[in-house]
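Here is the structure we will look at.
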Amino acid sequence: MAKVEYADAIKTVSGALTKINKKSEHAADQKMVLATHRKAPTTSNACSRLYLRGLSAVTRSTPVTADERAQREHFAAISRAVALRKQDLAKVATDLAAFNAQKDTAGGYKTLKQYLWHVVSDELNG
């Protein structure tokens with residue numbers, strides 16, 4: 001089994017060292033190199049991992065149903081409405097005040113984006 005050793009200055013490595021260029025005509029021949037190195041009290045000194053991954057072409061076995069298409073369109077509509085609402089200067093101050101008032105309550109939304117998704121979803125769903 002291969003072993004990866006990092007220089008003493010490197011404490012953590014996590015993520016892709018090389019990526020696959022999906023636009024290339026040779027994408028199927030390329031490999032992604034993923035490396036991880038973690039130091040934790042419960043791990044041994046050999047806690048480095050190096051992975052090679054190819055381009056995985058995941059294809060769907062069933063066609064997209066009308067219900068799924070409707071859900072995707074609904075999700076996209078909410079996403080666009082949230083983005084527009086975040087840009088609307090007339091609503092920013094009131095949204096921020098309402099968010100701050102509810103965020104520390106039981107069941108409150110912890111992020112402004114999450115809160116806006118809830119508000120916009122309720123508006124669109126009626």
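Labeling convention for the structure tokens: chains A, B, ... as they appear, residues from 1 per chain, ligands from 1 in order of appearance.
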
Those of chain A in DSSP strand (DSSP E or B), formatted as an MDAnalysis selection string: chainID A and resid 13:18 31:37 48:54

Counting only C-alpha atoms, what is within 7 Å of Val13 (chain A), bar same-chain residues fewer than 3 positions away, as a PDB file with N, CA, C and O atoms, in the first residue's frame?
```pdb
ATOM      1  N   ALA A  35      -6.710  14.421  -1.890  1.00  0.00           N
ATOM      2  CA  ALA A  35      -5.832  14.093  -0.771  1.00  0.00           C
ATOM      3  C   ALA A  35      -6.470  14.537   0.530  1.00  0.00           C
ATOM      4  O   ALA A  35      -7.136  15.564   0.590  1.00  0.00           O
ATOM      5  N   THR A  36      -6.260  13.737   1.558  1.00  0.00           N
ATOM      6  CA  THR A  36      -6.696  14.104   2.900  1.00  0.00           C
ATOM      7  C   THR A  36      -5.578  13.795   3.875  1.00  0.00           C
ATOM      8  O   THR A  36      -4.842  12.818   3.717  1.00  0.00           O
ATOM      9  N   HIS A  37      -5.420  14.644   4.845  1.00  0.00           N
ATOM     10  CA  HIS A  37      -4.442  14.428   5.916  1.00  0.00           C
ATOM     11  C   HIS A  37      -5.022  15.068   7.160  1.00  0.00           C
ATOM     12  O   HIS A  37      -5.268  16.265   7.187  1.00  0.00           O
TER      13      HIS A  37
END
```

Selection near Leu34 (chain A), 10 Å with only C-alpha atoms, sequence-local residues under 5 positions removed, as a list in words: Val13, Ser14, Gly15, Ala16, Leu17, Thr18, Lys19, Arg49, Leu50, Tyr51, Leu52 and Arg53 of chain A

Among chain A, which residues does DSSP mark as alpha helix (DSSP H) when it is run on the backbone? Keep the chain and numbering as in the structure and answer as a ChimeraX atom specification. /A:66-87,89-102,112-125

Create the file for the chosen residues now, containing N, CA and C atoms and written as a compact mmCIF listing (two decimals), in the first residue's frame.
```
# COMPACT_ATOMS: atom_id res chain seq x y z
N ALA A 66 -43.37 14.56 -14.67
CA ALA A 66 -43.99 15.89 -14.66
C ALA A 66 -43.95 16.49 -13.26
N ASP A 67 -44.10 15.65 -12.23
CA ASP A 67 -44.06 16.12 -10.85
C ASP A 67 -42.67 16.65 -10.51
N GLU A 68 -41.63 15.93 -10.92
CA GLU A 68 -40.25 16.38 -10.68
C GLU A 68 -39.98 17.69 -11.41
N ARG A 69 -40.45 17.80 -12.63
CA ARG A 69 -40.26 19.02 -13.41
C ARG A 69 -40.94 20.20 -12.72
N ALA A 70 -42.14 19.97 -12.18
CA ALA A 70 -42.86 21.03 -11.46
C ALA A 70 -42.12 21.43 -10.18
N GLN A 71 -41.57 20.45 -9.47
CA GLN A 71 -40.80 20.76 -8.26
C GLN A 71 -39.55 21.56 -8.60
N ARG A 72 -38.88 21.20 -9.67
CA ARG A 72 -37.68 21.94 -10.09
C ARG A 72 -38.02 23.38 -10.46
N GLU A 73 -39.14 23.56 -11.17
CA GLU A 73 -39.56 24.91 -11.55
C GLU A 73 -39.95 25.73 -10.32
N HIS A 74 -40.61 25.09 -9.35
CA HIS A 74 -40.99 25.78 -8.12
C HIS A 74 -39.74 26.19 -7.33
N PHE A 75 -38.78 25.28 -7.23
CA PHE A 75 -37.52 25.57 -6.54
C PHE A 75 -36.79 26.73 -7.21
N ALA A 76 -36.74 26.72 -8.54
CA ALA A 76 -36.07 27.79 -9.28
C ALA A 76 -36.78 29.12 -9.09
N ALA A 77 -38.11 29.09 -9.04
CA ALA A 77 -38.87 30.33 -8.84
C ALA A 77 -38.59 30.92 -7.47
N ILE A 78 -38.53 30.08 -6.44
CA ILE A 78 -38.22 30.56 -5.09
C ILE A 78 -36.80 31.11 -5.05
N SER A 79 -35.87 30.42 -5.68
CA SER A 79 -34.48 30.86 -5.69
C SER A 79 -34.34 32.23 -6.34
N ARG A 80 -35.00 32.42 -7.49
CA ARG A 80 -34.96 33.73 -8.17
C ARG A 80 -35.60 34.81 -7.32
N ALA A 81 -36.72 34.48 -6.68
CA ALA A 81 -37.42 35.48 -5.85
C ALA A 81 -36.59 35.87 -4.63
N VAL A 82 -35.89 34.92 -4.03
CA VAL A 82 -35.02 35.23 -2.89
C VAL A 82 -33.88 36.14 -3.34
N ALA A 83 -33.27 35.84 -4.48
CA ALA A 83 -32.19 36.68 -4.99
C ALA A 83 -32.67 38.10 -5.25
N LEU A 84 -33.86 38.23 -5.84
CA LEU A 84 -34.41 39.57 -6.09
C LEU A 84 -34.73 40.29 -4.79
N ARG A 85 -35.26 39.57 -3.82
CA ARG A 85 -35.62 40.19 -2.54
C ARG A 85 -34.39 40.67 -1.80
N LYS A 86 -33.29 39.93 -1.90
CA LYS A 86 -32.05 40.36 -1.24
C LYS A 86 -31.49 41.63 -1.87
N GLN A 87 -31.82 41.89 -3.13
CA GLN A 87 -31.36 43.09 -3.82
C GLN A 87 -32.30 44.28 -3.65
N LEU A 89 -33.74 47.12 -1.95
CA LEU A 89 -33.34 47.93 -0.81
C LEU A 89 -34.52 48.33 0.06
N ALA A 90 -35.72 48.36 -0.49
CA ALA A 90 -36.90 48.73 0.28
C ALA A 90 -37.26 47.65 1.30
N LYS A 91 -36.89 46.41 1.05
CA LYS A 91 -37.26 45.31 1.93
C LYS A 91 -36.11 44.81 2.80
N VAL A 92 -34.88 45.22 2.52
CA VAL A 92 -33.73 44.69 3.24
C VAL A 92 -33.81 44.99 4.73
N ALA A 93 -34.11 46.23 5.09
CA ALA A 93 -34.13 46.62 6.50
C ALA A 93 -35.24 45.89 7.26
N THR A 94 -36.42 45.80 6.67
CA THR A 94 -37.52 45.11 7.37
C THR A 94 -37.27 43.61 7.47
N ASP A 95 -36.70 43.02 6.40
CA ASP A 95 -36.38 41.59 6.45
C ASP A 95 -35.33 41.30 7.51
N LEU A 96 -34.32 42.15 7.60
CA LEU A 96 -33.25 41.95 8.58
C LEU A 96 -33.79 42.09 10.00
N ALA A 97 -34.67 43.07 10.23
CA ALA A 97 -35.26 43.25 11.56
C ALA A 97 -36.14 42.05 11.93
N ALA A 98 -36.94 41.58 10.99
CA ALA A 98 -37.79 40.43 11.26
C ALA A 98 -36.96 39.17 11.49
N PHE A 99 -35.89 39.02 10.74
CA PHE A 99 -35.00 37.86 10.91
C PHE A 99 -34.36 37.88 12.29
N ASN A 100 -33.82 39.03 12.70
CA ASN A 100 -33.18 39.13 14.01
C ASN A 100 -34.16 38.89 15.15
N ALA A 101 -35.41 39.27 14.95
CA ALA A 101 -36.42 39.07 15.99
C ALA A 101 -36.75 37.60 16.18
N GLN A 102 -36.70 36.80 15.13
CA GLN A 102 -37.11 35.40 15.24
C GLN A 102 -35.97 34.41 15.40
N LEU A 112 -30.12 34.21 7.44
CA LEU A 112 -31.02 35.11 6.73
C LEU A 112 -31.54 34.46 5.46
N LYS A 113 -30.69 33.73 4.77
CA LYS A 113 -31.10 33.08 3.54
C LYS A 113 -32.19 32.04 3.82
N GLN A 114 -32.03 31.28 4.87
CA GLN A 114 -33.04 30.29 5.24
C GLN A 114 -34.35 30.98 5.58
N TYR A 115 -34.28 32.09 6.30
CA TYR A 115 -35.48 32.85 6.65
C TYR A 115 -36.16 33.39 5.40
N LEU A 116 -35.38 33.95 4.47
CA LEU A 116 -35.96 34.49 3.25
C LEU A 116 -36.60 33.39 2.40
N TRP A 117 -35.99 32.20 2.36
CA TRP A 117 -36.59 31.09 1.63
C TRP A 117 -37.96 30.77 2.21
N HIS A 118 -38.08 30.79 3.53
CA HIS A 118 -39.35 30.49 4.18
C HIS A 118 -40.38 31.57 3.83
N VAL A 119 -39.99 32.84 3.93
CA VAL A 119 -40.92 33.94 3.66
C VAL A 119 -41.37 33.92 2.21
N VAL A 120 -40.42 33.79 1.29
CA VAL A 120 -40.77 33.80 -0.14
C VAL A 120 -41.59 32.58 -0.51
N SER A 121 -41.27 31.43 0.06
CA SER A 121 -42.03 30.21 -0.22
C SER A 121 -43.48 30.37 0.23
N ASP A 122 -43.67 30.96 1.41
CA ASP A 122 -45.03 31.20 1.90
C ASP A 122 -45.78 32.17 0.99
N GLU A 123 -45.09 33.20 0.48
CA GLU A 123 -45.72 34.16 -0.42
C GLU A 123 -46.13 33.50 -1.74
N LEU A 124 -45.26 32.67 -2.27
CA LEU A 124 -45.56 32.03 -3.56
C LEU A 124 -46.62 30.95 -3.43
N ASN A 125 -46.63 30.26 -2.31
CA ASN A 125 -47.60 29.18 -2.11
C ASN A 125 -48.96 29.70 -1.66
```

Using Å and a single decimal, report how far CA of Glu5 (chain A) sits from CA of Lys31 (chain A). 20.6 Å
